[in-house]
file data32.txt (compact mmCIF, C-alpha atoms)
# COMPACT_ATOMS: atom_id res chain seq x y z
CA MET A 1 0.00 0.00 0.00
CA SER A 2 1.46 3.38 -0.96
CA LEU A 3 1.53 6.20 1.56
CA PRO A 4 -0.37 9.43 0.89
CA PHE A 5 2.36 11.95 0.23
CA CYS A 6 2.92 15.66 -0.10
CA ASP A 7 6.39 17.11 0.41
CA ARG A 8 8.58 20.12 -0.22
CA SER A 9 11.74 18.76 -1.81
CA LEU A 10 15.20 19.70 -0.61
CA PRO A 11 18.58 19.23 -2.27
CA VAL A 12 19.89 15.73 -1.68
CA GLU A 13 22.64 15.59 0.92
CA THR A 14 24.46 12.51 2.17
CA SER A 15 26.62 13.84 5.01
CA GLY A 16 25.58 13.65 8.65
CA GLN A 17 22.70 11.27 7.95
CA ARG A 18 20.69 10.28 11.00
CA LEU A 19 17.40 8.75 12.09
CA TYR A 20 16.45 9.33 15.71
CA LEU A 21 14.79 6.18 17.05
CA GLY A 22 12.83 5.90 20.28
CA LEU A 23 9.92 4.47 22.23
CA ALA A 24 6.99 5.87 24.18
CA MET A 25 8.93 5.67 27.46
CA TRP A 26 12.29 4.61 28.80
CA ALA A 27 11.20 2.88 32.02
CA ASN A 28 9.27 -0.37 31.61
CA GLY A 29 9.81 -3.38 33.85
CA ASP A 30 8.55 -5.69 31.09
CA TRP A 31 11.78 -4.99 29.20
CA ARG A 32 13.95 -6.66 31.84
CA GLY A 33 15.97 -9.50 30.34
CA ARG A 34 15.68 -8.06 26.82
CA LEU A 35 16.31 -4.34 26.47
CA PHE A 36 17.40 -4.09 30.10
CA ALA A 37 19.60 -6.33 32.19
CA PRO A 38 17.56 -8.97 34.06
CA HIS A 39 18.16 -7.42 37.47
CA GLY A 40 18.35 -3.83 38.57
CA GLY A 41 16.30 -0.91 39.77
CA SER A 42 14.52 1.80 37.83
CA ASP A 43 17.14 4.45 38.57
CA GLY A 44 19.47 3.25 35.83
CA MET A 45 16.85 2.56 33.15
CA LEU A 46 17.35 5.82 31.26
CA ALA A 47 21.11 5.27 31.02
CA GLU A 48 20.58 1.68 29.79
CA TYR A 49 17.87 2.78 27.35
CA ALA A 50 20.16 5.47 25.95
CA THR A 51 22.84 2.94 25.05
CA VAL A 52 20.49 1.72 22.29
CA PHE A 53 17.93 4.44 21.55
CA ASP A 54 18.71 8.11 21.07
CA THR A 55 15.32 9.71 21.68
CA VAL A 56 12.13 9.17 23.71
CA GLU A 57 8.58 10.49 23.84
CA GLY A 58 8.15 12.53 27.01
CA ASN A 59 4.63 11.51 27.95
CA THR A 60 5.10 12.11 31.68
CA THR A 61 4.97 15.88 31.20
CA PHE A 62 1.64 15.57 29.39
CA TYR A 63 0.03 14.08 32.48
CA SER A 64 2.12 15.56 35.30
CA GLY A 65 3.24 18.95 34.01
CA ALA A 66 6.65 20.46 34.54
CA PRO A 67 9.12 18.02 36.16
CA ARG A 68 10.93 18.90 39.38
CA ALA A 69 14.39 20.41 39.19
CA GLU A 70 16.02 17.37 40.80
CA THR A 71 14.29 15.07 38.28
CA VAL A 72 15.55 17.11 35.32
CA ALA A 73 19.05 17.15 36.83
CA ALA A 74 18.98 13.35 37.08
CA TRP A 75 17.90 13.04 33.46
CA ALA A 76 20.70 15.39 32.41
CA ARG A 77 23.25 13.22 34.23
CA GLN A 78 22.05 9.98 32.65
CA ALA A 79 21.39 11.03 29.05
CA PRO A 80 24.37 11.34 26.68
CA ARG A 81 24.88 14.51 24.65
CA HIS A 82 23.47 13.01 21.46
CA PHE A 83 20.19 12.00 23.17
CA ARG A 84 16.97 13.91 22.46
CA PHE A 85 13.97 14.22 24.79
CA CYS A 86 10.71 14.96 22.95
CA PHE A 87 8.48 16.09 25.79
CA LYS A 88 4.79 16.80 25.33
CA LEU A 89 3.29 20.04 26.50
CA PRO A 90 1.17 19.44 29.61
CA ALA A 91 -2.47 18.53 29.01
CA GLU A 92 -3.34 21.41 31.34
CA LEU A 93 -2.14 23.79 28.60
CA THR A 94 -3.28 21.94 25.48
CA HIS A 95 -6.49 20.22 26.57
CA ARG A 96 -7.90 22.05 29.59
CA ARG A 97 -6.73 25.57 28.73
CA ARG A 98 -6.76 24.93 24.96
CA LEU A 99 -3.68 27.13 24.46
CA ALA A 100 -5.53 30.21 25.76
CA GLY A 101 -3.83 32.44 28.34
CA ILE A 102 -0.99 30.01 29.00
CA GLU A 103 1.99 32.36 28.63
CA ALA A 104 3.16 32.19 32.25
CA GLU A 105 2.66 28.44 32.55
CA LEU A 106 4.43 27.78 29.26
CA GLU A 107 7.37 29.91 30.33
CA ALA A 108 7.60 28.00 33.62
CA PHE A 109 7.45 24.68 31.79
CA LEU A 110 10.24 25.62 29.40
CA GLU A 111 12.33 27.01 32.25
CA ALA A 112 12.01 23.66 34.06
CA LEU A 113 13.56 21.96 31.01
CA GLU A 114 16.40 24.49 30.74
CA PRO A 115 19.12 22.05 31.95
CA LEU A 116 18.27 19.83 28.97
CA GLN A 117 18.45 22.55 26.32
CA ASP A 118 21.13 20.80 24.28
CA ARG A 119 19.20 17.52 24.45
CA LEU A 120 15.71 18.66 23.54
CA GLY A 121 14.22 17.26 20.36
CA PRO A 122 10.94 18.61 19.00
CA LEU A 123 8.60 19.43 21.88
CA MET A 124 5.22 17.96 20.99
CA ILE A 125 2.06 20.06 21.05
CA GLN A 126 -0.65 17.37 21.05
CA LEU A 127 -4.04 19.00 20.51
CA PRO A 128 -7.41 17.62 21.67
CA ARG A 129 -9.62 15.64 19.34
CA ASP A 130 -12.16 18.50 19.29
CA PHE A 131 -9.58 21.24 18.56
CA GLY A 132 -10.61 22.17 15.03
CA GLY A 133 -10.01 24.78 12.40
CA GLN A 134 -11.85 27.55 14.28
CA GLU A 135 -9.23 27.41 17.03
CA LEU A 136 -6.21 27.65 14.71
CA PRO A 137 -5.62 31.30 15.75
CA ARG A 138 -4.73 30.01 19.23
CA LEU A 139 -2.10 27.69 17.77
CA ALA A 140 -0.85 30.55 15.58
CA SER A 141 -0.42 32.76 18.65
CA LEU A 142 1.50 30.02 20.44
CA LEU A 143 3.84 29.41 17.51
CA GLN A 144 4.37 33.15 17.04
CA ALA A 145 5.65 33.37 20.61
CA TRP A 146 7.54 30.06 20.53
CA PRO A 147 11.29 30.37 21.28
CA GLY A 148 13.14 30.18 17.99
CA HIS A 149 15.89 27.93 19.32
CA LEU A 150 13.48 25.20 20.46
CA PRO A 151 12.14 22.75 17.85
CA ALA A 152 8.45 21.91 17.99
CA ALA A 153 5.98 19.49 16.42
CA VAL A 154 2.18 19.64 16.38
CA GLU A 155 -0.16 16.64 16.50
CA VAL A 156 -3.74 17.27 15.41
CA ARG A 157 -6.64 14.86 15.72
CA HIS A 158 -9.73 16.78 14.59
CA PRO A 159 -11.34 15.66 11.29
CA ASP A 160 -10.98 19.25 9.99
CA PHE A 161 -7.30 18.61 9.47
CA PHE A 162 -7.63 15.39 7.47
CA HIS A 163 -10.05 16.37 4.69
CA LYS A 164 -7.52 18.35 2.58
CA GLY A 165 -9.83 21.34 2.84
CA GLU A 166 -9.16 24.93 3.88
CA ALA A 167 -8.60 24.08 7.55
CA GLU A 168 -5.89 21.55 6.71
CA ARG A 169 -4.29 23.89 4.18
CA ALA A 170 -4.28 26.67 6.78
CA LEU A 171 -2.70 24.35 9.34
CA ASN A 172 0.02 23.22 6.96
CA ARG A 173 0.79 26.81 5.88
CA LEU A 174 1.05 27.82 9.52
CA LEU A 175 3.45 25.00 10.36
CA ILE A 176 5.61 25.60 7.28
CA SER A 177 5.80 29.34 7.97
CA HIS A 178 7.11 28.70 11.48
CA GLY A 179 9.38 25.77 10.63
CA VAL A 180 7.32 23.40 12.79
CA ASP A 181 6.80 19.74 12.00
CA ARG A 182 3.42 18.04 11.80
CA VAL A 183 3.37 14.81 13.81
CA MET A 184 2.40 11.85 11.64
CA LEU A 185 0.44 9.35 13.72
CA ASP A 186 0.17 6.00 11.94
CA VAL A 187 -2.44 3.81 13.61
CA ARG A 188 -3.10 1.63 10.56
CA PRO A 189 -1.22 -1.39 11.97
CA LEU A 190 -3.07 -1.16 15.30
CA PHE A 191 -6.49 -1.16 13.63
CA ALA A 192 -5.59 -3.67 10.90
CA THR A 193 -7.65 -6.39 12.63
CA PRO A 194 -10.53 -6.44 15.09
CA ALA A 195 -9.43 -6.86 18.69
CA GLY A 196 -11.45 -10.03 19.08
CA GLY A 197 -10.87 -11.42 22.54
CA ASP A 198 -7.45 -9.81 23.01
CA SER A 199 -7.88 -7.36 25.88
CA ARG A 200 -4.49 -5.75 25.23
CA LEU A 201 -5.36 -4.97 21.61
CA SER A 202 -8.83 -3.82 22.60
CA LYS A 203 -7.40 -1.46 25.21
CA ALA A 204 -4.89 0.04 22.78
CA GLN A 205 -7.54 0.52 20.08
CA GLY A 206 -9.76 2.26 22.61
CA GLU A 207 -7.00 4.66 23.64
CA LYS A 208 -5.64 5.67 20.23
CA PRO A 209 -7.55 7.93 17.84
CA ARG A 210 -8.42 6.33 14.53
CA VAL A 211 -7.30 9.20 12.33
CA PRO A 212 -6.25 9.08 8.66
CA LEU A 213 -2.59 9.19 7.79
CA HIS A 214 -1.35 12.26 5.94
CA VAL A 215 2.36 12.11 5.18
CA LEU A 216 3.71 15.64 5.05
CA SER A 217 7.07 17.02 6.10
CA THR A 218 6.51 20.68 6.97
CA ALA A 219 9.97 21.35 8.44
CA THR A 220 13.35 19.66 8.88
CA SER A 221 12.61 16.94 11.46
CA PRO A 222 9.66 14.80 10.28
CA LEU A 223 8.23 13.05 13.34
CA VAL A 224 6.47 9.69 12.93
CA ARG A 225 4.61 7.82 15.66
CA PHE A 226 4.17 4.24 14.40
CA ILE A 227 1.59 2.29 16.43
CA GLY A 228 2.28 -1.36 15.75
CA HIS A 229 0.25 -4.55 16.00
CA PHE A 230 1.15 -7.86 17.62
CA ASP A 231 1.36 -9.39 14.13
CA GLU A 232 4.84 -8.93 12.65
CA ALA A 233 3.61 -9.34 9.07
CA ILE A 234 1.11 -6.51 9.53
CA ASN A 235 3.81 -4.24 10.96
CA ARG A 236 6.21 -5.00 8.15
CA ALA A 237 3.64 -4.43 5.41
CA ARG A 238 2.63 -1.06 6.85
CA PHE A 239 6.22 0.02 7.48
CA ILE A 240 7.87 -0.75 4.12
CA PRO A 241 6.55 2.51 2.56
CA TRP A 242 7.75 4.36 5.67
CA ALA A 243 11.24 2.91 5.24
CA GLU A 244 11.32 4.32 1.71
CA ARG A 245 10.02 7.71 2.82
CA LEU A 246 12.33 8.01 5.82
CA ALA A 247 15.32 7.09 3.67
CA LEU A 248 14.32 9.77 1.15
CA TRP A 249 13.99 12.43 3.84
CA ILE A 250 17.40 11.49 5.24
CA LYS A 251 18.96 11.76 1.78
CA GLN A 252 17.34 15.19 1.46
CA GLY A 253 19.19 16.35 4.56
CA LYS A 254 16.27 16.08 6.98
CA THR A 255 16.56 14.45 10.41
CA PRO A 256 13.51 12.27 11.06
CA PHE A 257 12.31 11.05 14.45
CA LEU A 258 10.64 7.61 14.60
CA PHE A 259 8.76 6.56 17.72
CA VAL A 260 7.56 2.95 17.88
CA HIS A 261 4.67 1.61 19.95
CA THR A 262 3.02 -1.80 20.27
CA PRO A 263 -0.37 -2.44 21.91
CA ASP A 264 1.11 -3.06 25.38
CA ASN A 265 4.64 -1.85 24.46
CA ARG A 266 6.27 -5.10 25.63
CA GLU A 267 7.59 -5.81 22.14
CA ALA A 268 8.24 -2.20 21.22
CA PRO A 269 12.07 -2.35 21.58
CA THR A 270 12.31 -5.40 19.31
CA LEU A 271 9.93 -3.94 16.74
CA ALA A 272 11.81 -0.62 16.76
CA ARG A 273 15.07 -2.43 16.05
CA SER A 274 13.62 -4.31 13.09
CA LEU A 275 12.06 -1.15 11.63
CA TYR A 276 15.35 0.74 11.97
CA ASP A 277 17.06 -2.07 10.09
CA GLU A 278 14.55 -1.67 7.25
CA VAL A 279 15.54 1.98 6.86
CA ALA A 280 19.25 1.14 7.17
CA ARG A 281 18.92 -1.20 4.16
CA ARG A 282 18.04 1.86 2.08
CA VAL A 283 20.37 4.53 3.44
CA PRO A 284 23.60 4.24 5.48
CA LEU A 285 22.87 4.57 9.21
CA PRO A 286 24.90 3.74 12.32
CA ALA A 287 24.28 0.23 13.64
CA LEU A 288 22.21 -0.02 16.80
CA ALA A 289 23.98 -1.28 19.89
CA ALA A 290 22.98 -4.67 21.27
CA PHE A 291 20.31 -4.63 23.97
CA PRO A 292 22.01 -4.69 27.41
CA GLY A 293 19.72 -7.51 28.56
CA GLU A 294 20.64 -9.69 25.59
CA GLN A 295 24.33 -9.02 26.08
CA GLN A 296 24.15 -10.19 29.66
CA VAL A 297 22.16 -13.30 28.78
CA SER A 298 24.71 -14.24 26.09
CA LEU A 299 27.47 -14.44 28.69
CA PHE A 300 25.93 -17.52 30.27
call {"tool": "encode", "arguments": {"input": "data32.txt", "output": "structure tokens"}}
result
Amino acid sequence: MSLPFCDRSLPVETSGQRLYLGLAMWANGDWRGRLFAPHGGSDGMLAEYATVFDTVEGNTTFYSGAPRAETVAAWARQAPRHFRFCFKLPAELTHRRRLAGIEAELEAFLEALEPLQDRLGPLMIQLPRDFGGQELPRLASLLQAWPGHLPAAVEVRHPDFFHKGEAERALNRLLISHGVDRVMLDVRPLFATPAGGDSRLSKAQGEKPRVPLHVLSTATSPLVRFIGHFDEAINRARFIPWAERLALWIKQGKTPFLFVHTPDNREAPTLARSLYDEVARRVPLPALAAFPGEQQVSLF
């Protein structure tokens, strides 16, 4: 199946090619013995995670708001210089306040992340499902005031932005004019089959919005959230066009971010590795390090 595609072409460049690869979180006890060493506490999970993956979705800030200073300091100690945190703006600002009158809170949030300035990837502005075209002026005001040195990406979920009408055109023009990426949420693998009696699949399908996929790079760091299935064949079939597209963007000099989910995220590290390998078959990329948990198991 071919991906819907609209892009603004750039000159092809082959130097400094990179694909940032990450998961929805870095701390998950289910990854012990695979991604992580079989034994150990949660304190070292970020450092172990960062030996393999070089970015992560920052979902904790969406639910909990600005992290404490000591928490940010700990992250800064554990994450290497090449690592990129892609935190989400707090739901208090995007969903409850709907971007209105949030200047002071936004400033406080960004100040809390100040120690990670050199390790911040695109900060994600995830908008509510009922945030439609009529509220675009609020997003425009936010992007107008957004600090120029901080990358950003916007995820929309309202049908207005998937019908290729005036609202979507206005959104895309706004993002392009500010050099902001549009988050591409691919839920096709997740919804490829009915959940049946699988409670994990049913739960994931209930939580994720079933929105169309519009592939559009509006800035320099295309950001893809790939929501996988338990079925490897389904994941592979849906990802092959992505591998081609990501390789093209990399050749064009862009720096994509790929975040990989599975219904319960237990298999997300393994799926992410296989998807990265698909891209690496098409464009030269650094090899991923072995999972720390697998390295330890191989010693015995």
call {"tool": "closest_residue", "arguments": {"input": "data32.txt", "among": "A:Phe109, A:Phe191, A:Phe226, A:Phe83", "to": "Ser64 of chain A", "atoms": "only C-alpha atoms"}}
result
A:Phe109
call {"tool": "residues_around", "arguments": {"input": "data32.txt", "residues": "Arg138 of chain A", "least_positions_apart": "6", "cutoff": "9 Å", "atoms": "all atoms listed in the file", "output": "list in words"}}
result
Arg98, Leu99 and Ala100 of chain A
call {"tool": "closest_residue", "arguments": {"input": "data32.txt", "among": "A:Asp181, A:Glu232, A:Asp160, A:Asp264", "to": "Leu201 of chain A", "atoms": "all atoms listed in the file"}}
result
A:Asp264
call {"tool": "atom_distance", "arguments": {"input": "data32.txt", "atom1": "atom CA of His39 of chain A", "atom2": "atom CA of Arg84 of chain A"}}
result
26.1 Å
call {"tool": "residues_around", "arguments": {"input": "data32.txt", "residues": "Leu275 of chain A", "least_positions_apart": "3", "cutoff": "8 Å", "atoms": "all atoms listed in the file", "output": "PDB file with C-alpha atoms, in the frame of the given file"}}
result
ATOM      1  CA  ARG A 236       6.210  -5.000   8.150  1.00  0.00           C
ATOM      2  CA  PHE A 239       6.220   0.020   7.480  1.00  0.00           C
ATOM      3  CA  ALA A 243      11.240   2.910   5.240  1.00  0.00           C
ATOM      4  CA  LEU A 271       9.930  -3.940  16.740  1.00  0.00           C
ATOM      5  CA  ALA A 272      11.810  -0.620  16.760  1.00  0.00           C
ATOM      6  CA  GLU A 278      14.550  -1.670   7.250  1.00  0.00           C
ATOM      7  CA  VAL A 279      15.540   1.980   6.860  1.00  0.00           C
TER       8      VAL A 279
END
call {"tool": "atom_distance", "arguments": {"input": "data32.txt", "atom1": "atom CA of Ala73 of chain A", "atom2": "atom CA of Pro115 of chain A"}}
result
6.9 Å
call {"tool": "residues_around", "arguments": {"input": "data32.txt", "residues": "Ala37 of chain A", "least_positions_apart": "3", "cutoff": "7 Å", "atoms": "all atoms listed in the file", "output": "ChimeraX atom specification"}}
result
/A:32-34,40,292-293,296
call {"tool": "residues_around", "arguments": {"input": "data32.txt", "residues": "Asp130 of chain A", "least_positions_apart": "2", "cutoff": "9 Å", "atoms": "only C-alpha atoms", "output": "PyMOL selection string"}}
result
chain A and resi 127-128+132+157-159
call {"tool": "residues_around", "arguments": {"input": "data32.txt", "residues": "Ala24 of chain A", "least_positions_apart": "5", "cutoff": "12 Å", "atoms": "only C-alpha atoms", "output": "ChimeraX atom specification"}}
result
/A:49,53,55-60,85-88,224-227,258-269,272
call {"tool": "closest_residue", "arguments": {"input": "data32.txt", "among": "A:Leu93, A:Ala247, A:Met45, A:Ala153", "to": "Arg281 of chain A", "atoms": "only C-alpha atoms"}}
result
A:Ala247
call {"tool": "closest_residue", "arguments": {"input": "data32.txt", "among": "A:Glu207, A:Asp30, A:Glu107, A:Asp198", "to": "Phe230 of chain A", "atoms": "all atoms listed in the file"}}
result
A:Asp198
call {"tool": "atom_distance", "arguments": {"input": "data32.txt", "atom1": "atom CA of Asn172 of chain A", "atom2": "atom CA of Asp186 of chain A"}}
result
17.9 Å
call {"tool": "closest_residue", "arguments": {"input": "data32.txt", "among": "A:Phe131, A:Ala74, A:Glu155, A:Arg81", "to": "Arg96 of chain A", "atoms": "all atoms listed in the file"}}
result
A:Phe131
call {"tool": "residues_near_point", "arguments": {"input": "data32.txt", "point": "(-3.8, 25.3, 30.9)", "cutoff": "10 Å", "atoms": "all atoms listed in the file", "output": "VMD selection string"}}
result
chain A and resid 65 89 to 106
call {"tool": "closest_residue", "arguments": {"input": "data32.txt", "among": "A:Leu21, A:Val52, A:Ile125, A:Leu139", "to": "Glu294 of chain A", "atoms": "all atoms listed in the file"}}
result
A:Val52
call {"tool": "residues_near_point", "arguments": {"input": "data32.txt", "point": "(-7.4, 21.0, 8.0)", "cutoff": "10 Å", "atoms": "all atoms listed in the file", "output": "PyMOL selection string"}}
result
chain A and resi 132-133+136+156-172
call {"tool": "axis_aligned_box", "arguments": {"input": "data32.txt", "around": "segment 92-110 of chain A", "padding_each_side": "6 Å", "output": "AutoDock Vina command-line options"}}
result
--center_x 1.2 --center_y 26.3 --center_z 29.0 --size_x 30.1 --size_y 24.2 --size_z 21.2
